[in-house]
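The structure under discussion appears below in the form of structure tokens.
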Amino acid sequence: MWQASSVLIALGVLAPVVSLIWLALGADWAHWKHLVQYVLPDAALNTAMLMGGVGVLTLVVGTGCAWLVSAHDFPGRKLLHWALLLPLAMPAYIVAFAYLDLLHPIGPVQGALRWMLGYSSPREWRLPDLRSMGGAIFVLGFVLYPYVYMTARAMFMTQPAHLMEAARMLGESRWGAFRRVALPMARPALAVGLSLALLETLNDIGASEFLGVNTLTVSVYTTWITRTDLAGAAQIACSMLLVVIALVWLERHARRHQRYGSAQRMRAIQPERLHGAKAWLATLFTALPVLIGFIAPAAYLCWETYKRLSQGQGVSTGLWMSLGNTLTLALGVTVVTVIAGLIIAWATRNGVSTRHPSRWQARVATLGYAIPGTVLAIGLLTPALALDGGIARLLNLTGLPLMALGVILVVACSIRFLVIPVGGIESGLQRIPSTLEQASRLLGETAFGTLLRVHLPLLKPAVATSALLVFVDAMKELPATLLLRPANFDTLATWLYAEAARGTYEEGAVAALLIVVAGLLPVVLLAKTQLQPTTQTLENPQD
Amino acid sequence: MKHRFSFALTLAALAATAAVSTAQAQEVTLYTTREPALIQPLLAAFTAQSKIKVNTVFVKDGLLERVKAEGERSPADVLMTVDAGNLLDLVDGGVTQPVKSAALESVIPANLRGADGQWFTLSMRARVLYAEKNLPLKSFRYEDLADPKWKGKVCIRAGQHPYNTGLIAAMIAHDGEAKTEKWLQGVKSNLARKATGGDRDVARDILGGICDIGIANTYYVGHMKASKEGTDARKWGDAIKVIKPTFANEKSGGTHVNISGASVAKHAPQRENAVKLLEFLVSEPAQNMYAQANYEHPVRKGVALDPVVAASIGELKIDPLPLTEIAKHRKQASALVDKVGFDR
């Protein structure tokens, strides 16, 4: 039953992939000579550099901040420990746009610098252009570090203090204990966070395109749009997919023998109070990411919105309707992905079956996130609309009911974000000792009963975290929504995009601000579920 | 369990029937890659005049793929997009149908519509030169963009953008591929920054001192120069002047334009209303709106330009090369962009 549902869901996720492969195989491969000669080397290099840069930046910032707020006490820590999550509410393309404006030669930053240095015109003095590889790494790194921060923080918070204390007693310095005990223990969490950040980077089109970085994803896009060569684009997308699969497999393979569950009673790490310059350095290091990833772009949006509103441009009813649509879509996607994620993670959990074939479903769930949104939507079009047409014929309806009701859109977004609950719940399950399940089953409980009465209460933080993450991501989703929405259905992201398409991004400031504001609530909730000490019941259900 | 499933099915069926039955009222469904804000006023005017409700789906990329996959059940009546190449792709993809309409044919010149009425031009925009307003420059040829004297002074959006591949395709049609490649190489080495951003960034970057000249579309000029005093857009607009370039060879003598246009979908459930909508869009009031609200050049003769556009750009002398001829070279143009590493 579990296995069957899990396989069914995985097949659903595979449908667009199979359709893409079918598309890719259906075309000739003649243009590969051109691609290999002129496009792919550069695009692959750009992608590698971008992912490498963003990976290092998110790891350093995310892990660094998580460790600082977990093991130390310094001014502002109470505020910063949840504020560090705020960039999650910010779509990367909005942040890229905000920085293009803020750091432009005629923008406020360079204007102030010129004034201080005594130059009157940008023709006399200006900073290097943000539109570069470095700029893209900067923007994406500071938007995406919360994925690493969040998972690392949760891990450090629930890490047993006695291990650290043992290391310290054995003569390790605090840094040594961090490096040799805390960090290796946090590896699965870091891997989950990092892979989300990297897949998000791989998927990004908006920010990279703004900043002039031609990644593989952008090439897929260009090949499809400019040459009307969908098959060619599918071919590149499938090749990219192979790389992603290889990466995910490598990461899994590297830690295949590790188990992180523990049934011992534990005490969490007590933060050590920092003093003087050290304390303020810690404050600075943890405040900077919030400033760069959230406060500066948010302040920019507020200022632009204020300018629009003061010029008499109100918030139209259409915009409010878009807000409603956005929330409905995000809620639908969240419900679907969390249920599907629970089924997959439960059906493929460790202990129930250690053989590989039963675990492929969980890996399949990664695919949706790895395919660029538009390409995924294109892949889904054929199978989904064939099903839709079939249903319409069966019920004797004209038109396409699933498409018209937005069901296909919800399915597409769910496929895309399924990896978040699967990954989150899986790593949550990993930390629950398998003896609990054995005990429950020995006492006559069914698998479903065990999930419901033993694991679900313990998994609550993991489920809540995944749900909120999916909610925030679904709110920002753009490419699949643009392609698969029913008539007269706008979300805040498509609204904003419409302004962008006209080149008038600043007109979309109100919509952008609404996306951020609507995303704030889930992020704050996320901070509450994720970062409160209640998570420790995970280790210690009796207390 | 079984009960619940059939209940859900009934519910879905009911909702779908509701959705379908409203579709049978006086309606027309428009799939468009054009920004809703640009065409919404036109659609509202159409509804006010005809009492026909317009449903819109703003699809950015993948219009062809979606309509194709929807097949004969597709609710789409009108497909609207920019660039002749995109329209030809829709025709080649088999998702359009021929339309015979005296109203359309009398207004739109033959070189601006497809054979058999498969597609129609609704408005035009020229690809022109934005130049720093104090630059002593009176005329310009597209070929001059590669002149070494502009080294480090040229701004332009990504070479792979349809507006640019259109221009490069026109160059190929005029001068051949080899010459165009050399030209593109020259433009590339003249770039002041990465070929990226949008058309308005050209004006902004000229104001920011990054470049002196750049290529961009006409309607942004109207939009920027007509913005309220004191806004950023107005400052960018005021920093530039516009020169209408031509091609160097004798056959040409006109400025490169790209278009916005539309087709009637092959399986249009409301075919009649679709034609009505197209006819409305080339009517005088609608063409006036294209000119006044969108700052585009109307396809209909005798419609006045927006005053700001008239003052800063004026009437167009269009490159006489047929759009279909240019569109043929589009893929070649895109390949050239890769070959010279224009966007690198």
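Letters A, B, ... mark the chains of the structure tokens in the order given; residue numbers begin at 1 per chain; ligand numbers begin at 1, in order shown.
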
Output as CSV one row per residue of chain A within 8 Å of chain B: the closest atom pair and its distance in Å to one decimal place, counting only C-alpha atoms, sorted by chain and residue number ascending.
residue,atom,partner,partner_atom,distance
A:His34,CA,B:Ala335,CA,7.9
A:Tyr38,CA,B:Lys339,CA,5.5
A:Val39,CA,B:Asp338,CA,6.2
A:Asp42,CA,B:Arg344,CA,7.7
A:His104,CA,B:Gly208,CA,7.4
A:Pro105,CA,B:Gly208,CA,5.2
A:Ile106,CA,B:Gly208,CA,5.3
A:Ser121,CA,B:Gly209,CA,7.9
A:Pro122,CA,B:Gly209,CA,5.6
A:Arg123,CA,B:Gly209,CA,4.8
A:Asp129,CA,B:Arg193,CA,7.8
A:Arg131,CA,B:Lys194,CA,7.1
A:Ser132,CA,B:Lys194,CA,7.8
A:Glu209,CA,B:Thr196,CA,7.2
A:Phe210,CA,B:Gly197,CA,5.5
A:Leu211,CA,B:Thr196,CA,7.0
A:Gly212,CA,B:Thr196,CA,5.1
A:Val213,CA,B:Arg344,CA,7.8
A:Asn214,CA,B:Arg344,CA,7.0
A:Thr222,CA,B:Gln160,CA,6.8
A:Ile225,CA,B:Asp61,CA,7.2
A:Thr226,CA,B:Pro162,CA,6.5
A:Arg227,CA,B:Lys331,CA,5.3
A:Thr228,CA,B:Asp89,CA,7.5
A:Ile378,CA,B:Glu65,CA,7.1
A:Leu381,CA,B:Ala69,CA,6.2
A:Thr382,CA,B:Ala69,CA,5.5
A:Leu385,CA,B:Glu70,CA,6.2
A:Ala386,CA,B:Ala69,CA,7.9
A:Gly389,CA,B:Arg73,CA,7.4
A:Leu395,CA,B:Ala13,CA,7.2
A:Leu397,CA,B:Thr17,CA,6.9
A:Thr398,CA,B:Val20,CA,6.8
A:Gly399,CA,B:Arg73,CA,4.9
A:Leu400,CA,B:Arg73,CA,6.4
A:Pro401,CA,B:Ala16,CA,5.1
A:Ala404,CA,B:Ala19,CA,7.3
A:Leu405,CA,B:Ala16,CA,7.2
A:Leu482,CA,B:Val59,CA,5.4
A:Leu483,CA,B:Val59,CA,5.4
A:Leu484,CA,B:Arg66,CA,7.9
A:Arg485,CA,B:Val57,CA,7.4
A:Pro486,CA,B:Val57,CA,6.8
A:Ala487,CA,B:Val57,CA,4.7
A:Asn488,CA,B:Thr56,CA,5.3
A:Phe489,CA,B:Val57,CA,7.4
A:Ala498,CA,B:Glu35,CA,5.2
A:Glu499,CA,B:Glu35,CA,7.2
A:Ala501,CA,B:Glu35,CA,6.4
A:Arg502,CA,B:Glu35,CA,6.4
A:Gly503,CA,B:Gly198,CA,6.2

Using only C-alpha atoms, determine which residues lie at most 7 Å from range 456-460 of chain A, disregarding the query and same-chain residues fewer than 4 positions distant; provide the list as a list in words.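 These residues fall inside the cut-off: Gly428, Leu451, Leu452, Ala464 and Leu538 of chain A.
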
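Comparing the minimum interatomic distances between Lys266 in chain B and each of B:Thr47, B:Gln40, B:Gln97, B:Gln118, counting only C-alpha atoms, we find that B:Gln97 sits nearest.
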
Could you find all residues in range 63-163 of chain B that DSSP calls strand (DSSP E) from the backbone, and write them as number ranges by chain? B: 78-82, 96-97, 120-132, 154-155

Would you mind telling me which residue in B:Ala203, B:Leu323, B:Val264, B:Ile215 lies nearest to Lys235 in chain B when using only C-alpha atoms?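 Smallest separation from Lys235 in chain B among the options: B:Ala203.
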
Pick out each residue of range 375-534 of chain A that DSSP on the backbone tags as helix (DSSP H, G or I); I need them as a PyMOL selection string. chain A and resi 375-394+401-404+407-417+419-430+434-442+447-476+479-484+492-501+505-531+533-534

For the selection just defined, write its residues with C-alpha atoms to a file, as a tab-separated table (two decimals), in the first residue's frame.
chain	number	residue	atom	x	y	z
A	375	VAL	CA	11.40	22.91	-19.13
A	376	LEU	CA	9.64	20.86	-16.46
A	377	ALA	CA	6.36	22.53	-17.37
A	378	ILE	CA	6.97	21.81	-21.05
A	379	GLY	CA	7.70	18.18	-20.25
A	380	LEU	CA	4.51	17.94	-18.24
A	381	LEU	CA	2.34	19.51	-20.95
A	382	THR	CA	2.01	16.44	-23.16
A	383	PRO	CA	1.24	13.74	-20.56
A	384	ALA	CA	-0.90	16.03	-18.42
A	385	LEU	CA	-3.01	17.32	-21.29
A	386	ALA	CA	-3.41	13.83	-22.71
A	387	LEU	CA	-4.80	12.77	-19.33
A	388	ASP	CA	-6.90	15.91	-19.21
A	389	GLY	CA	-8.38	15.24	-22.64
A	390	GLY	CA	-9.07	11.65	-21.62
A	391	ILE	CA	-10.94	12.75	-18.51
A	392	ALA	CA	-12.91	15.28	-20.53
A	393	ARG	CA	-13.93	12.60	-23.02
A	394	LEU	CA	-14.86	10.22	-20.20
A	401	PRO	CA	-11.13	20.61	-17.07
A	402	LEU	CA	-7.85	19.95	-15.22
A	403	MET	CA	-6.11	22.78	-17.02
A	404	ALA	CA	-9.05	25.15	-16.56
A	407	VAL	CA	-4.98	21.29	-11.27
A	408	ILE	CA	-2.14	20.86	-13.74
A	409	LEU	CA	-0.46	23.98	-12.41
A	410	VAL	CA	-0.64	22.65	-8.84
A	411	VAL	CA	0.73	19.29	-9.99
A	412	ALA	CA	3.62	20.96	-11.83
A	413	CYS	CA	4.61	23.06	-8.83
A	414	SER	CA	4.24	20.04	-6.56
A	415	ILE	CA	6.56	17.99	-8.73
A	416	ARG	CA	8.99	20.84	-8.63
A	417	PHE	CA	9.04	21.23	-4.85
A	419	VAL	CA	12.16	17.24	-2.90
A	420	ILE	CA	11.83	19.68	0.00
A	421	PRO	CA	9.42	17.61	2.14
A	422	VAL	CA	10.99	14.33	1.00
A	423	GLY	CA	14.46	15.53	2.02
A	424	GLY	CA	13.27	17.23	5.18
A	425	ILE	CA	11.13	14.35	6.40
A	426	GLU	CA	13.77	11.79	5.43
A	427	SER	CA	16.46	13.50	7.45
A	428	GLY	CA	13.93	13.88	10.27
A	429	LEU	CA	13.21	10.16	10.13
A	430	GLN	CA	16.92	9.37	10.13
A	434	SER	CA	14.57	2.69	14.51
A	435	THR	CA	14.08	0.94	17.87
A	436	LEU	CA	11.01	3.13	18.38
A	437	GLU	CA	9.37	1.70	15.32
A	438	GLN	CA	10.36	-1.82	16.23
A	439	ALA	CA	8.84	-1.37	19.67
A	440	SER	CA	5.66	0.04	18.25
A	441	ARG	CA	5.28	-2.77	15.72
A	442	LEU	CA	6.06	-5.38	18.37
A	447	ALA	CA	2.75	0.79	9.98
A	448	PHE	CA	0.19	3.54	9.53
A	449	GLY	CA	-0.54	3.63	13.25
A	450	THR	CA	3.15	3.85	13.99
A	451	LEU	CA	3.56	6.74	11.59
A	452	LEU	CA	0.52	8.50	12.99
A	453	ARG	CA	1.08	7.95	16.70
A	454	VAL	CA	4.82	7.63	17.10
A	455	HIS	CA	6.64	9.27	14.23
A	456	LEU	CA	4.37	12.10	13.17
A	457	PRO	CA	4.49	13.81	16.58
A	458	LEU	CA	8.28	13.50	16.51
A	459	LEU	CA	8.41	14.65	12.91
A	460	LYS	CA	6.30	17.73	13.52
A	461	PRO	CA	9.21	20.18	13.28
A	462	ALA	CA	10.51	18.55	10.10
A	463	VAL	CA	7.05	18.51	8.52
A	464	ALA	CA	6.32	22.09	9.53
A	465	THR	CA	9.66	23.28	8.23
A	466	SER	CA	9.18	21.55	4.90
A	467	ALA	CA	5.64	22.82	4.57
A	468	LEU	CA	6.64	26.40	5.22
A	469	LEU	CA	9.61	26.18	2.85
A	470	VAL	CA	7.41	24.80	0.09
A	471	PHE	CA	4.83	27.50	0.78
A	472	VAL	CA	7.38	30.28	0.45
A	473	ASP	CA	8.94	28.73	-2.67
A	474	ALA	CA	5.58	28.14	-4.33
A	475	MET	CA	4.68	31.78	-3.74
A	476	LYS	CA	7.76	32.88	-5.63
A	479	PRO	CA	8.16	29.80	-14.92
A	480	ALA	CA	5.71	26.91	-14.47
A	481	THR	CA	2.98	29.31	-13.44
A	482	LEU	CA	3.56	31.45	-16.52
A	483	LEU	CA	3.12	28.48	-18.80
A	484	LEU	CA	0.40	26.40	-17.12
A	492	LEU	CA	2.01	38.17	-7.65
A	493	ALA	CA	5.04	36.68	-9.40
A	494	THR	CA	3.40	36.75	-12.84
A	495	TRP	CA	2.16	40.25	-12.15
A	496	LEU	CA	5.65	41.37	-11.34
A	497	TYR	CA	6.99	39.51	-14.34
A	498	ALA	CA	4.56	41.30	-16.61
A	499	GLU	CA	6.08	44.60	-15.51
A	500	ALA	CA	9.55	43.18	-15.97
A	501	ALA	CA	8.72	42.03	-19.48
A	505	TYR	CA	10.40	46.55	-12.96
A	506	GLU	CA	10.04	49.44	-10.58
A	507	GLU	CA	6.34	49.63	-11.49
A	508	GLY	CA	6.09	46.14	-10.07
A	509	ALA	CA	7.52	47.30	-6.74
A	510	VAL	CA	4.12	46.98	-5.07
A	511	ALA	CA	3.71	43.39	-6.26
A	512	ALA	CA	7.27	42.59	-5.26
A	513	LEU	CA	6.74	44.04	-1.81
A	514	LEU	CA	3.53	42.01	-1.45
A	515	ILE	CA	5.44	38.83	-2.31
A	516	VAL	CA	7.97	39.67	0.37
A	517	VAL	CA	5.35	40.61	2.96
A	518	ALA	CA	3.29	37.50	2.24
A	519	GLY	CA	6.47	35.46	2.47
A	520	LEU	CA	7.44	37.00	5.80
A	521	LEU	CA	4.73	35.30	7.82
A	522	PRO	CA	5.74	31.77	6.80
A	523	VAL	CA	9.38	32.67	7.36
A	524	VAL	CA	8.67	33.94	10.86
A	525	LEU	CA	6.64	30.79	11.54
A	526	LEU	CA	9.52	28.82	10.13
A	527	ALA	CA	11.85	30.54	12.55
A	528	LYS	CA	9.50	29.65	15.38
A	529	THR	CA	9.15	25.95	14.54
A	530	GLN	CA	12.69	25.53	13.41
A	531	LEU	CA	14.63	27.57	15.87
A	533	PRO	CA	14.13	24.85	21.78
A	534	THR	CA	10.96	22.70	21.39

Can you tell me, as a PDB file with N, CA and C atoms, in the first residue's frame, what residues are no more than 12 Å from Arg179 in chain A when counting only C-alpha atoms, ignoring any on the same chain fewer than 5 positions away?
ATOM      1  N   THR A  63      26.708  28.113   7.553  1.00  0.00           N
ATOM      2  CA  THR A  63      27.239  27.335   8.664  1.00  0.00           C
ATOM      3  C   THR A  63      27.837  28.245   9.722  1.00  0.00           C
ATOM      4  N   GLY A  64      28.573  29.259   9.255  1.00  0.00           N
ATOM      5  CA  GLY A  64      29.221  30.186  10.184  1.00  0.00           C
ATOM      6  C   GLY A  64      28.196  30.846  11.099  1.00  0.00           C
ATOM      7  N   TRP A  67      26.567  28.357  13.514  1.00  0.00           N
ATOM      8  CA  TRP A  67      27.433  27.985  14.636  1.00  0.00           C
ATOM      9  C   TRP A  67      27.557  29.131  15.633  1.00  0.00           C
ATOM     10  N   MET A 164      30.452  17.375  22.498  1.00  0.00           N
ATOM     11  CA  MET A 164      31.345  18.530  22.440  1.00  0.00           C
ATOM     12  C   MET A 164      32.199  18.596  23.701  1.00  0.00           C
ATOM     13  N   ALA A 167      34.950  16.177  23.640  1.00  0.00           N
ATOM     14  CA  ALA A 167      36.031  16.622  22.769  1.00  0.00           C
ATOM     15  C   ALA A 167      36.880  17.682  23.455  1.00  0.00           C
ATOM     16  N   ARG A 168      36.188  18.615  24.157  1.00  0.00           N
ATOM     17  CA  ARG A 168      36.929  19.666  24.845  1.00  0.00           C
ATOM     18  C   ARG A 168      37.802  19.073  25.938  1.00  0.00           C
ATOM     19  N   GLU A 172      40.633  19.310  22.773  1.00  0.00           N
ATOM     20  CA  GLU A 172      40.341  20.088  21.571  1.00  0.00           C
ATOM     21  C   GLU A 172      39.994  21.525  21.957  1.00  0.00           C
ATOM     22  N   SER A 173      40.367  22.459  21.096  1.00  0.00           N
ATOM     23  CA  SER A 173      39.928  23.837  21.298  1.00  0.00           C
ATOM     24  C   SER A 173      38.456  23.911  20.896  1.00  0.00           C
ATOM     25  N   ARG A 174      37.822  25.052  21.133  1.00  0.00           N
ATOM     26  CA  ARG A 174      36.427  25.198  20.748  1.00  0.00           C
ATOM     27  C   ARG A 174      36.295  25.053  19.230  1.00  0.00           C
ATOM     28  N   PRO A 184      31.179  17.415  11.367  1.00  0.00           N
ATOM     29  CA  PRO A 184      30.876  16.109  10.752  1.00  0.00           C
ATOM     30  C   PRO A 184      29.487  15.598  11.125  1.00  0.00           C
ATOM     31  N   MET A 185      29.061  15.864  12.370  1.00  0.00           N
ATOM     32  CA  MET A 185      27.730  15.429  12.781  1.00  0.00           C
ATOM     33  C   MET A 185      26.655  16.148  11.976  1.00  0.00           C
ATOM     34  N   ALA A 186      26.944  17.391  11.606  1.00  0.00           N
ATOM     35  CA  ALA A 186      25.945  18.203  10.910  1.00  0.00           C
ATOM     36  C   ALA A 186      25.933  17.926   9.412  1.00  0.00           C
ATOM     37  N   ARG A 187      26.820  17.028   8.960  1.00  0.00           N
ATOM     38  CA  ARG A 187      26.977  16.871   7.518  1.00  0.00           C
ATOM     39  C   ARG A 187      25.696  16.556   6.741  1.00  0.00           C
TER      40      ARG A 187
END

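Neighbouring residues of range 75-84 of chain A at 9 Å or closer, counting only C-alpha atoms and skipping chain neighbours under 4 positions away, are Gly62, Cys65, Ala66, Leu68, Val69, Ser70, Leu88, Tyr145, Pro146, Tyr149, Met150, Arg153, Leu274, Ala279, Trp280, Ala282, Thr283, Thr286, Ala287, Pro289, Val290, Gly293, Phe294, Val523, Val524, Leu526, Ala527, Lys528 and Leu531 of chain A.
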
Using the selection just defined, write its residues with C-alpha atoms as a compact mmCIF listing (two decimals), in the first residue's frame.
# COMPACT_ATOMS: atom_id res chain seq x y z
CA GLY A 62 25.12 29.63 6.51
CA CYS A 65 26.13 32.06 11.29
CA ALA A 66 24.43 28.89 12.49
CA LEU A 68 27.84 31.50 15.98
CA VAL A 69 24.24 31.78 17.15
CA SER A 70 24.15 28.19 18.41
CA LEU A 88 14.02 33.27 2.12
CA TYR A 145 22.43 30.94 2.37
CA PRO A 146 19.33 30.52 4.62
CA TYR A 149 21.75 28.19 7.81
CA MET A 150 18.38 26.69 8.61
CA ARG A 153 21.12 25.62 12.91
CA LEU A 274 31.48 36.39 24.04
CA ALA A 279 31.29 39.78 20.61
CA TRP A 280 30.83 42.72 18.23
CA ALA A 282 30.15 38.03 15.89
CA THR A 283 27.30 40.52 15.71
CA THR A 286 25.75 37.52 11.53
CA ALA A 287 24.12 40.88 10.80
CA PRO A 289 23.96 38.57 5.62
CA VAL A 290 20.61 39.87 6.86
CA GLY A 293 20.12 39.51 1.66
CA PHE A 294 17.06 41.18 3.08
CA VAL A 523 9.38 32.67 7.36
CA VAL A 524 8.67 33.94 10.86
CA LEU A 526 9.52 28.82 10.13
CA ALA A 527 11.85 30.54 12.55
CA LYS A 528 9.50 29.65 15.38
CA LEU A 531 14.63 27.57 15.87

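CA of Pro298 in chain B lies 10.2 Å from CA of Glu315 in chain B.
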
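A straight line drawn from CA of Gly214 in chain B to CA of Val299 in chain B is 25.6 Å long.
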
I'd like to know which of B:Phe342, B:Glu229, B:Asn134, B:Asp319 is closest to Asn111 in chain B, using only C-alpha atoms. B:Asp319

Quick one: distance from CA of Ile168 in chain B to CA of Ala192 in chain B in Å, one decimal?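 We find that CA of Ile168 in chain B and CA of Ala192 in chain B lie 19.2 Å from each other.
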
Let me make sure I understand: among A:Leu50, A:Gly193, A:Ala96, A:Thr217, which one has the smallest atom-to-atom distance to Gly134 in chain A if we use only C-alpha atoms?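 Of A:Leu50, A:Gly193, A:Ala96, A:Thr217, the one nearest Gly134 in chain A is A:Leu50, counting only C-alpha atoms.
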
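For the set A:Gly111, A:Gln37, A:Gly53, A:Leu23, the residue with the smallest atom-to-atom gap to Glu124 in chain A is A:Gly111, counting only C-alpha atoms.
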